[in-house]
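Novice: For reference, the file structure.pdb (PDB, C-alpha atoms) is included below:
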ATOM      1  CA  MET A   1     -81.144 -30.214  15.783
ATOM      2  CA  ILE A   2     -79.335 -28.096  18.381
ATOM      3  CA  GLU A   3     -77.247 -25.195  17.043
ATOM      4  CA  ASN A   4     -74.245 -24.529  19.294
ATOM      5  CA  ILE A   5     -73.161 -20.892  19.060
ATOM      6  CA  LYS A   6     -69.899 -19.770  20.640
ATOM      7  CA  ILE A   7     -69.876 -16.061  21.526
ATOM      8  CA  LEU A   8     -67.232 -13.629  22.772
ATOM      9  CA  MET A   9     -68.483 -10.397  24.363
ATOM     10  CA  ILE A  10     -65.884  -7.627  24.700
ATOM     11  CA  ASP A  11     -66.765  -4.585  26.821
ATOM     12  CA  ASP A  12     -65.096  -2.929  29.801
ATOM     13  CA  HIS A  13     -68.395  -2.403  31.656
ATOM     14  CA  PRO A  14     -69.490  -5.625  33.426
ATOM     15  CA  MET A  15     -73.104  -4.444  33.861
ATOM     16  CA  ILE A  16     -73.443  -3.839  30.131
ATOM     17  CA  ILE A  17     -72.134  -7.315  29.344
ATOM     18  CA  GLU A  18     -74.519  -8.808  31.901
ATOM     19  CA  GLY A  19     -77.379  -7.065  30.117
ATOM     20  CA  TYR A  20     -76.259  -8.415  26.745
ATOM     21  CA  GLN A  21     -75.940 -11.922  28.168
ATOM     22  CA  ASN A  22     -79.346 -11.929  29.796
ATOM     23  CA  THR A  23     -81.016 -10.599  26.664
ATOM     24  CA  LEU A  24     -79.508 -13.278  24.422
ATOM     25  CA  LEU A  25     -80.164 -16.110  26.864
ATOM     26  CA  PHE A  26     -83.800 -15.063  27.399
ATOM     27  CA  THR A  27     -84.531 -14.547  23.693
ATOM     28  CA  LYS A  28     -82.581 -17.366  22.039
ATOM     29  CA  LYS A  29     -84.480 -19.859  19.944
ATOM     30  CA  ASP A  30     -85.309 -23.288  21.375
ATOM     31  CA  ASN A  31     -82.806 -25.014  19.110
ATOM     32  CA  GLN A  32     -79.940 -22.659  20.032
ATOM     33  CA  GLU A  33     -77.345 -23.375  22.712
ATOM     34  CA  LEU A  34     -75.191 -20.361  23.599
ATOM     35  CA  GLU A  35     -71.682 -20.531  25.053
ATOM     36  CA  ILE A  36     -70.641 -17.028  26.093
ATOM     37  CA  ASP A  37     -67.138 -15.887  27.060
ATOM     38  CA  ILE A  38     -66.337 -12.412  28.381
ATOM     39  CA  ALA A  39     -63.376 -10.074  27.928
ATOM     40  CA  ASN A  40     -63.048  -6.661  29.589
ATOM     41  CA  ASN A  41     -60.023  -5.364  27.673
ATOM     42  CA  CYS A  42     -57.885  -5.923  24.584
ATOM     43  CA  ASP A  43     -55.438  -8.315  26.265
ATOM     44  CA  GLU A  44     -58.181 -10.620  27.514
ATOM     45  CA  ALA A  45     -59.934 -10.552  24.152
ATOM     46  CA  VAL A  46     -56.787 -11.456  22.198
ATOM     47  CA  ALA A  47     -55.967 -14.277  24.621
ATOM     48  CA  LEU A  48     -59.458 -15.770  24.282
ATOM     49  CA  MET A  49     -59.469 -15.439  20.488
ATOM     50  CA  ASP A  50     -56.034 -17.055  20.201
ATOM     51  CA  LYS A  51     -57.102 -19.875  22.535
ATOM     52  CA  SER A  52     -60.248 -20.558  20.516
ATOM     53  CA  VAL A  53     -58.151 -20.938  17.363
ATOM     54  CA  GLN A  54     -55.555 -23.134  19.047
ATOM     55  CA  GLU A  55     -58.234 -25.423  20.459
ATOM     56  CA  GLU A  56     -60.009 -25.479  17.077
ATOM     57  CA  MET A  57     -63.179 -24.161  18.709
ATOM     58  CA  PRO A  58     -63.378 -20.723  17.063
ATOM     59  CA  TYR A  59     -65.976 -18.138  18.017
ATOM     60  CA  ASP A  60     -69.064 -17.819  15.857
ATOM     61  CA  VAL A  61     -70.045 -14.301  16.972
ATOM     62  CA  LEU A  62     -68.109 -11.432  18.551
ATOM     63  CA  PHE A  63     -69.727  -8.455  20.273
ATOM     64  CA  VAL A  64     -67.086  -5.705  20.244
ATOM     65  CA  ASP A  65     -67.236  -2.368  22.036
ATOM     66  CA  ILE A  66     -65.126   0.302  20.337
ATOM     67  CA  SER A  67     -63.985   2.098  23.521
ATOM     68  CA  LEU A  68     -61.657  -0.270  25.362
ATOM     69  CA  PRO A  69     -58.494   0.033  27.458
ATOM     70  CA  PRO A  70     -55.457  -0.430  25.176
ATOM     71  CA  SER A  71     -53.417  -3.625  25.157
ATOM     72  CA  SER A  72     -50.438  -3.802  27.513
ATOM     73  CA  ASP A  73     -47.963  -3.782  24.610
ATOM     74  CA  GLY A  74     -49.667  -0.818  22.930
ATOM     75  CA  SER A  75     -50.365  -2.708  19.705
ATOM     76  CA  MET A  76     -54.123  -2.307  20.090
ATOM     77  CA  SER A  77     -55.859   0.825  21.282
ATOM     78  CA  SER A  78     -59.543   0.155  20.622
ATOM     79  CA  GLY A  79     -62.222  -2.292  19.610
ATOM     80  CA  GLU A  80     -61.551  -1.367  15.981
ATOM     81  CA  ASP A  81     -58.069  -2.865  16.280
ATOM     82  CA  LEU A  82     -59.530  -5.976  17.924
ATOM     83  CA  ALA A  83     -62.127  -6.389  15.192
ATOM     84  CA  GLU A  84     -59.456  -6.136  12.495
ATOM     85  CA  TYR A  85     -57.411  -8.766  14.360
ATOM     86  CA  ALA A  86     -60.475 -11.002  14.600
ATOM     87  CA  ARG A  87     -61.019 -10.721  10.848
ATOM     88  CA  LYS A  88     -57.533 -12.200  10.334
ATOM     89  CA  ILE A  89     -57.608 -15.105  12.778
ATOM     90  CA  LEU A  90     -61.370 -15.795  12.887
ATOM     91  CA  PRO A  91     -62.416 -15.239   9.264
ATOM     92  CA  SER A  92     -65.738 -17.046   9.687
ATOM     93  CA  ALA A  93     -66.802 -15.173  12.825
ATOM     94  CA  LYS A  94     -69.596 -12.636  12.606
ATOM     95  CA  ILE A  95     -68.689  -9.315  14.212
ATOM     96  CA  ILE A  96     -71.208  -7.042  15.916
ATOM     97  CA  ILE A  97     -69.876  -3.562  16.714
ATOM     98  CA  LEU A  98     -71.451  -1.654  19.610
ATOM     99  CA  THR A  99     -70.378   1.909  20.318
ATOM    100  CA  MET A 100     -71.388   5.237  21.786
ATOM    101  CA  PHE A 101     -69.689   7.046  18.881
ATOM    102  CA  ASN A 102     -72.156   8.307  16.306
ATOM    103  CA  GLU A 103     -69.989  10.637  14.217
ATOM    104  CA  SER A 104     -70.286  10.104  10.471
ATOM    105  CA  PHE A 105     -66.525   9.675  10.034
ATOM    106  CA  ARG A 106     -66.300   6.927  12.651
ATOM    107  CA  ILE A 107     -69.287   5.078  11.222
ATOM    108  CA  HIS A 108     -67.932   5.332   7.685
ATOM    109  CA  ASN A 109     -64.465   4.199   8.782
ATOM    110  CA  ILE A 110     -65.734   1.202  10.742
ATOM    111  CA  ILE A 111     -67.884   0.014   7.852
ATOM    112  CA  LYS A 112     -64.995   0.409   5.425
ATOM    113  CA  THR A 113     -62.253  -1.211   7.522
ATOM    114  CA  ILE A 114     -64.225  -3.895   9.356
ATOM    115  CA  ASP A 115     -67.437  -4.367   7.352
ATOM    116  CA  PRO A 116     -69.226  -5.742  10.451
ATOM    117  CA  GLU A 117     -72.188  -8.085  10.172
ATOM    118  CA  GLY A 118     -73.833  -6.000  12.886
ATOM    119  CA  PHE A 119     -73.334  -2.343  13.794
ATOM    120  CA  MET A 120     -75.275  -0.699  16.586
ATOM    121  CA  ILE A 121     -75.049   2.671  18.309
ATOM    122  CA  LYS A 122     -75.614   2.138  22.024
ATOM    123  CA  SER A 123     -78.068   5.026  22.277
ATOM    124  CA  ASP A 124     -80.294   3.127  19.804
ATOM    125  CA  LEU A 125     -80.065  -0.093  21.768
ATOM    126  CA  THR A 126     -82.992  -1.846  23.431
ATOM    127  CA  SER A 127     -83.281  -5.466  24.539
ATOM    128  CA  SER A 128     -85.601  -6.285  21.648
ATOM    129  CA  GLU A 129     -83.299  -4.590  19.135
ATOM    130  CA  LEU A 130     -80.289  -6.501  20.448
ATOM    131  CA  ALA A 131     -82.206  -9.784  20.193
ATOM    132  CA  SER A 132     -83.308  -8.943  16.638
ATOM    133  CA  ALA A 133     -79.774  -7.943  15.676
ATOM    134  CA  PHE A 134     -78.342 -11.213  16.983
ATOM    135  CA  GLN A 135     -80.767 -13.384  15.032
ATOM    136  CA  ALA A 136     -80.386 -11.246  11.896
ATOM    137  CA  VAL A 137     -76.593 -11.467  12.055
ATOM    138  CA  LEU A 138     -76.800 -15.245  12.364
ATOM    139  CA  ASN A 139     -79.225 -15.694   9.495
ATOM    140  CA  ASN A 140     -79.286 -12.672   7.209
ATOM    141  CA  PRO A 141     -76.568 -10.081   7.890
ATOM    142  CA  PRO A 142     -75.921  -7.219   8.012
ATOM    143  CA  PHE A 143     -77.991  -5.568  10.738
ATOM    144  CA  TYR A 144     -77.494  -1.837  11.338
ATOM    145  CA  SER A 145     -79.253   0.216  14.000
ATOM    146  CA  GLY A 146     -81.237   3.340  13.134
ATOM    147  CA  THR A 147     -78.436   5.888  13.553
ATOM    148  CA  VAL A 148     -76.068   3.853  11.378
ATOM    149  CA  ASN A 149     -78.710   3.462   8.666
ATOM    150  CA  SER A 150     -79.419   7.193   8.800
ATOM    151  CA  HIS A 151     -75.755   8.070   8.186
ATOM    152  CA  ILE A 152     -75.545   5.543   5.348
ATOM    153  CA  ARG A 153     -78.675   6.970   3.695
ATOM    154  CA  LYS A 154     -77.323  10.521   3.946
ATOM    155  CA  ALA A 155     -74.049   9.452   2.348
ATOM    156  CA  ILE A 156     -75.822   7.584  -0.451
ATOM    157  CA  THR A 157     -78.313  10.330  -1.277
ATOM    158  CA  SER A 158     -75.728  13.122  -1.152
ATOM    159  CA  ASP A 159     -74.127  14.037  -4.466
ATOM    160  CA  ILE A 160     -71.022  15.150  -2.567
ATOM    161  CA  VAL A 161     -68.034  12.797  -2.714
ATOM    162  CA  ILE A 162     -65.033  13.322  -0.444
ATOM    163  CA  ASP A 163     -62.084  11.024   0.131
ATOM    164  CA  ASP A 164     -61.024   9.454   3.408
ATOM    165  CA  LYS A 165     -58.345  12.057   4.170
ATOM    166  CA  ASN A 166     -60.841  14.887   3.783
ATOM    167  CA  ARG A 167     -63.321  12.992   5.961
ATOM    168  CA  LYS A 168     -60.610  12.762   8.603
ATOM    169  CA  ILE A 169     -59.934  16.504   8.355
ATOM    170  CA  LEU A 170     -63.616  17.158   9.059
ATOM    171  CA  HIS A 171     -63.600  14.687  11.941
ATOM    172  CA  LEU A 172     -60.467  16.183  13.522
ATOM    173  CA  LEU A 173     -61.791  19.726  13.155
ATOM    174  CA  SER A 174     -65.014  18.634  14.846
ATOM    175  CA  GLN A 175     -62.893  17.304  17.742
ATOM    176  CA  GLY A 176     -61.290  20.739  18.179
ATOM    177  CA  VAL A 177     -57.934  20.024  16.502
ATOM    178  CA  LYS A 178     -56.387  23.223  15.160
ATOM    179  CA  THR A 179     -55.456  23.527  11.487
ATOM    180  CA  LYS A 180     -51.750  23.905  12.345
ATOM    181  CA  ASN A 181     -51.859  20.501  14.080
ATOM    182  CA  LEU A 182     -53.760  18.639  11.356
ATOM    183  CA  ALA A 183     -50.621  17.939   9.340
ATOM    184  CA  THR A 184     -49.115  15.742  12.073
ATOM    185  CA  HIS A 185     -52.349  13.748  12.388
ATOM    186  CA  LEU A 186     -52.584  13.194   8.640
ATOM    187  CA  ASP A 187     -48.891  12.814   7.755
ATOM    188  CA  ILE A 188     -49.092  15.513   5.076
ATOM    189  CA  SER A 189     -47.712  19.046   4.840
ATOM    190  CA  LEU A 190     -49.519  22.087   6.237
ATOM    191  CA  SER A 191     -49.876  23.478   2.710
ATOM    192  CA  ALA A 192     -51.552  20.233   1.634
ATOM    193  CA  VAL A 193     -53.934  20.584   4.587
ATOM    194  CA  GLU A 194     -54.794  24.144   3.529
ATOM    195  CA  LYS A 195     -55.457  22.995  -0.056
ATOM    196  CA  ARG A 196     -57.730  20.233   1.190
ATOM    197  CA  LYS A 197     -59.623  22.618   3.450
ATOM    198  CA  LYS A 198     -60.102  25.012   0.538
ATOM    199  CA  HIS A 199     -61.417  22.103  -1.545
ATOM    200  CA  LEU A 200     -63.834  21.202   1.249
ATOM    201  CA  ARG A 201     -65.065  24.814   1.469
ATOM    202  CA  ASP A 202     -65.682  24.758  -2.271
ATOM    203  CA  ILE A 203     -67.547  21.435  -2.059
ATOM    204  CA  PHE A 204     -69.807  22.628   0.767
ATOM    205  CA  GLU A 205     -70.104  26.149  -0.694
ATOM    206  CA  VAL A 206     -68.683  27.840   2.401
ATOM    207  CA  HIS A 207     -67.487  31.344   1.623
ATOM    208  CA  ASP A 208     -66.681  32.904   4.998
ATOM    209  CA  GLY A 209     -63.568  30.780   5.624
ATOM    210  CA  GLN A 210     -64.787  29.760   9.085
ATOM    211  CA  ASP A 211     -64.200  26.185  10.248
ATOM    212  CA  GLU A 212     -67.458  26.170  12.215
ATOM    213  CA  THR A 213     -69.454  27.105   9.112
ATOM    214  CA  LEU A 214     -67.749  24.299   7.203
ATOM    215  CA  LEU A 215     -68.521  21.833  10.001
ATOM    216  CA  ASN A 216     -72.161  22.921  10.179
ATOM    217  CA  GLU A 217     -72.604  22.289   6.459
ATOM    218  CA  ALA A 218     -70.816  18.955   6.743
ATOM    219  CA  ARG A 219     -73.071  17.943   9.666
ATOM    220  CA  ILE A 220     -76.207  18.824   7.732
ATOM    221  CA  LYS A 221     -75.113  16.540   4.914
ATOM    222  CA  GLY A 222     -74.054  13.716   7.253
ATOM    223  CA  PHE A 223     -70.273  13.891   6.884
ATOM    224  CA  VAL A 224     -69.545  14.717  10.537
TER     225      VAL A 224
END
What does the file become when written as structure tokens?
Specialist:
Amino acid sequence: MIENIKILMIDDHPMIIEGYQNTLLFTKKDNQELEIDIANNCDEAVALMDKSVQEEMPYDVLFVDISLPPSSDGSMSSGEDLAEYARKILPSAKIIILTMFNESFRIHNIIKTIDPEGFMIKSDLTSSELASAFQAVLNNPPFYSGTVNSHIRKAITSDIVIDDKNRKILHLLSQGVKTKNLATHLDISLSAVEKRKKHLRDIFEVHDGQDETLLNEARIKGFV
């Protein structure tokens, strides 16, 4: 019996999408028929997703790149926003996230907000791994690439527990955001930021008060 699988690939680099397409078409099983649509930005992706719902031919699998040009109305700024939208209108679709980002905060946040059936860091990606991920997502999800699994293992084995706001503080500091500007990013007061940073220094046993020392300890334990 032929299994018809409708796929939407979302990436703003045509050569990357061509590589994904070729890999899936060359490695699909004999009983699988693939119908692949392509979107290069948020607007195209939303239009195709909406159309699939309206025509009652919803997508089975979505490949979503995180770094995408924002939508024309500004409501979506990345593949994360698209994936969350897909979860609402295509609840049965399996989502595979592909990204160059490998920071612990981003990985943690994507797993928490999207809970993708597949999650792959592009630097881990090979044709055989992509083919394996696709079949695993169809039959026995989730499938995470090596870097994602490594971050998950570090988080599980660590006896350090920090909340999402503190994770974001670490992430923003690692991106070069100054302490005085953290409050606007987090929608809390500067004094609350200072208290949280002190708590983080206590957790990671950092005594010199330097942000770089804090970040180094956080990196070692997989939180950045």
Novice: Evaluate the PyMOL selection byres ((chain A and resi 60-63) around 8) here and jot the selected residues down as a ChimeraX atom specification.
Specialist: /A:5-10,58-59,64-65,92-98
Novice: Provide the CA of Asn139 (chain A) to CA of Ile16 (chain A) distance in Å, to one decimal place.
Specialist: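 About the pair CA of Asn139 (chain A) and CA of Ile16 (chain A): they are 24.5 Å apart.
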Novice: What's around Ser174 (chain A) at 10 Å? Count only C-alpha atoms, leave out sequence neighbours fewer than 6 positions away in its own chain, and write the answer as JSON, numbers by chain.
Specialist: {"A": [103, 168, 211, 212, 214, 215, 216, 218, 219, 224]}
Novice: Apply the PyMOL selection byres ((chain A and resi 29) around 12) to the structure shown and report the selected residues as a PyMOL selection string.
Specialist: chain A and resi 1-5+23-28+30-34+131-132+134-135+138
Novice: Evaluating the PyMOL selection byres ((chain A and resi 170) around 12) on the displayed file yields which residues, as a PyMOL selection string?
Specialist: chain A and resi 103-106+162-169+171-179+182+186+193+196-197+199-201+204+211-219+222-224
Novice: Using all atoms listed in the file, which residue out of A:Ala155, A:Leu90, A:Ile220, A:Ile107 lies closest to Ile66 (chain A)?
Specialist: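 That would be A:Ile107, the residue with the smallest distance to Ile66 (chain A).
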Novice: Report the distance between CA of Tyr85 (chain A) and CA of Thr99 (chain A) in Å, rounded to one decimal place.
Specialist: 17.8 Å
Novice: Go through A:Ala83, A:Leu125, A:Val148, A:Met49 and flag the residue nearest Thr113 (chain A), using all atoms listed in the file for the distances.
Specialist: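 Using all atoms listed in the file, Thr113 (chain A) sits closest to A:Ala83.
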Novice: Quote the spacing between CA of Glu194 (chain A) and CA of Lys112 (chain A) in Å to one decimal place.
Specialist: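 Taking CA of Glu194 (chain A) and CA of Lys112 (chain A), their separation equals 25.9 Å.
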Novice: With the input short on atoms, add N, CA, C and O atoms back to region 115-136 of chain A and write it as a PDB file, in the frame of the given file.
Specialist:
ATOM      1  N   ASP A 115     -66.256  -3.813   8.013  1.00  0.00           N
ATOM      2  CA  ASP A 115     -67.437  -4.367   7.352  1.00  0.00           C
ATOM      3  C   ASP A 115     -68.173  -5.326   8.289  1.00  0.00           C
ATOM      4  O   ASP A 115     -68.360  -6.519   7.978  1.00  0.00           O
ATOM      5  N   PRO A 116     -68.623  -4.847   9.456  1.00  0.00           N
ATOM      6  CA  PRO A 116     -69.226  -5.742  10.451  1.00  0.00           C
ATOM      7  C   PRO A 116     -70.572  -6.292   9.995  1.00  0.00           C
ATOM      8  O   PRO A 116     -71.316  -5.639   9.259  1.00  0.00           O
ATOM      9  N   GLU A 117     -70.872  -7.486  10.458  1.00  0.00           N
ATOM     10  CA  GLU A 117     -72.188  -8.085  10.172  1.00  0.00           C
ATOM     11  C   GLU A 117     -73.291  -7.397  10.974  1.00  0.00           C
ATOM     12  O   GLU A 117     -74.458  -7.435  10.594  1.00  0.00           O
ATOM     13  N   GLY A 118     -72.896  -6.781  12.088  1.00  0.00           N
ATOM     14  CA  GLY A 118     -73.833  -6.000  12.886  1.00  0.00           C
ATOM     15  C   GLY A 118     -73.166  -4.730  13.365  1.00  0.00           C
ATOM     16  O   GLY A 118     -71.973  -4.731  13.686  1.00  0.00           O
ATOM     17  N   PHE A 119     -73.907  -3.627  13.384  1.00  0.00           N
ATOM     18  CA  PHE A 119     -73.334  -2.343  13.794  1.00  0.00           C
ATOM     19  C   PHE A 119     -74.434  -1.558  14.498  1.00  0.00           C
ATOM     20  O   PHE A 119     -75.426  -1.183  13.883  1.00  0.00           O
ATOM     21  N   MET A 120     -74.231  -1.335  15.802  1.00  0.00           N
ATOM     22  CA  MET A 120     -75.275  -0.699  16.586  1.00  0.00           C
ATOM     23  C   MET A 120     -74.699   0.430  17.435  1.00  0.00           C
ATOM     24  O   MET A 120     -73.657   0.274  18.079  1.00  0.00           O
ATOM     25  N   ILE A 121     -75.381   1.564  17.420  1.00  0.00           N
ATOM     26  CA  ILE A 121     -75.049   2.671  18.309  1.00  0.00           C
ATOM     27  C   ILE A 121     -75.772   2.427  19.629  1.00  0.00           C
ATOM     28  O   ILE A 121     -76.968   2.134  19.647  1.00  0.00           O
ATOM     29  N   LYS A 122     -75.039   2.524  20.732  1.00  0.00           N
ATOM     30  CA  LYS A 122     -75.614   2.138  22.024  1.00  0.00           C
ATOM     31  C   LYS A 122     -76.842   2.957  22.390  1.00  0.00           C
ATOM     32  O   LYS A 122     -77.747   2.454  23.065  1.00  0.00           O
ATOM     33  N   SER A 123     -76.893   4.210  21.955  1.00  0.00           N
ATOM     34  CA  SER A 123     -78.068   5.026  22.277  1.00  0.00           C
ATOM     35  C   SER A 123     -79.320   4.530  21.555  1.00  0.00           C
ATOM     36  O   SER A 123     -80.439   4.870  21.950  1.00  0.00           O
ATOM     37  N   ASP A 124     -79.157   3.725  20.506  1.00  0.00           N
ATOM     38  CA  ASP A 124     -80.294   3.127  19.804  1.00  0.00           C
ATOM     39  C   ASP A 124     -80.756   1.833  20.465  1.00  0.00           C
ATOM     40  O   ASP A 124     -81.830   1.325  20.155  1.00  0.00           O
ATOM     41  N   LEU A 125     -79.926   1.298  21.356  1.00  0.00           N
ATOM     42  CA  LEU A 125     -80.065  -0.093  21.768  1.00  0.00           C
ATOM     43  C   LEU A 125     -81.193  -0.313  22.769  1.00  0.00           C
ATOM     44  O   LEU A 125     -81.312   0.381  23.770  1.00  0.00           O
ATOM     45  N   THR A 126     -82.010  -1.318  22.484  1.00  0.00           N
ATOM     46  CA  THR A 126     -82.992  -1.846  23.431  1.00  0.00           C
ATOM     47  C   THR A 126     -82.806  -3.358  23.467  1.00  0.00           C
ATOM     48  O   THR A 126     -82.134  -3.928  22.602  1.00  0.00           O
ATOM     49  N   SER A 127     -83.404  -4.007  24.450  1.00  0.00           N
ATOM     50  CA  SER A 127     -83.281  -5.466  24.539  1.00  0.00           C
ATOM     51  C   SER A 127     -83.835  -6.141  23.297  1.00  0.00           C
ATOM     52  O   SER A 127     -83.230  -7.071  22.744  1.00  0.00           O
ATOM     53  N   SER A 128     -84.987  -5.658  22.826  1.00  0.00           N
ATOM     54  CA  SER A 128     -85.601  -6.285  21.648  1.00  0.00           C
ATOM     55  C   SER A 128     -84.764  -6.057  20.400  1.00  0.00           C
ATOM     56  O   SER A 128     -84.640  -6.946  19.550  1.00  0.00           O
ATOM     57  N   GLU A 129     -84.143  -4.868  20.299  1.00  0.00           N
ATOM     58  CA  GLU A 129     -83.299  -4.590  19.135  1.00  0.00           C
ATOM     59  C   GLU A 129     -82.044  -5.452  19.153  1.00  0.00           C
ATOM     60  O   GLU A 129     -81.604  -5.954  18.117  1.00  0.00           O
ATOM     61  N   LEU A 130     -81.465  -5.646  20.337  1.00  0.00           N
ATOM     62  CA  LEU A 130     -80.289  -6.501  20.448  1.00  0.00           C
ATOM     63  C   LEU A 130     -80.632  -7.938  20.063  1.00  0.00           C
ATOM     64  O   LEU A 130     -79.883  -8.595  19.335  1.00  0.00           O
ATOM     65  N   ALA A 131     -81.775  -8.422  20.527  1.00  0.00           N
ATOM     66  CA  ALA A 131     -82.206  -9.784  20.193  1.00  0.00           C
ATOM     67  C   ALA A 131     -82.437  -9.919  18.688  1.00  0.00           C
ATOM     68  O   ALA A 131     -82.021 -10.916  18.072  1.00  0.00           O
ATOM     69  N   SER A 132     -83.069  -8.921  18.092  1.00  0.00           N
ATOM     70  CA  SER A 132     -83.308  -8.943  16.638  1.00  0.00           C
ATOM     71  C   SER A 132     -82.002  -8.893  15.872  1.00  0.00           C
ATOM     72  O   SER A 132     -81.827  -9.604  14.873  1.00  0.00           O
ATOM     73  N   ALA A 133     -81.070  -8.065  16.344  1.00  0.00           N
ATOM     74  CA  ALA A 133     -79.774  -7.943  15.676  1.00  0.00           C
ATOM     75  C   ALA A 133     -79.027  -9.272  15.701  1.00  0.00           C
ATOM     76  O   ALA A 133     -78.445  -9.690  14.693  1.00  0.00           O
ATOM     77  N   PHE A 134     -79.054  -9.945  16.840  1.00  0.00           N
ATOM     78  CA  PHE A 134     -78.342 -11.213  16.983  1.00  0.00           C
ATOM     79  C   PHE A 134     -78.881 -12.258  16.000  1.00  0.00           C
ATOM     80  O   PHE A 134     -78.108 -12.906  15.281  1.00  0.00           O
ATOM     81  N   GLN A 135     -80.185 -12.391  15.942  1.00  0.00           N
ATOM     82  CA  GLN A 135     -80.767 -13.384  15.032  1.00  0.00           C
ATOM     83  C   GLN A 135     -80.537 -12.992  13.574  1.00  0.00           C
ATOM     84  O   GLN A 135     -80.281 -13.855  12.723  1.00  0.00           O
ATOM     85  N   ALA A 136     -80.617 -11.699  13.277  1.00  0.00           N
ATOM     86  CA  ALA A 136     -80.386 -11.246  11.896  1.00  0.00           C
ATOM     87  C   ALA A 136     -78.952 -11.499  11.469  1.00  0.00           C
ATOM     88  O   ALA A 136     -78.691 -11.924  10.338  1.00  0.00           O
TER      89      ALA A 136
END
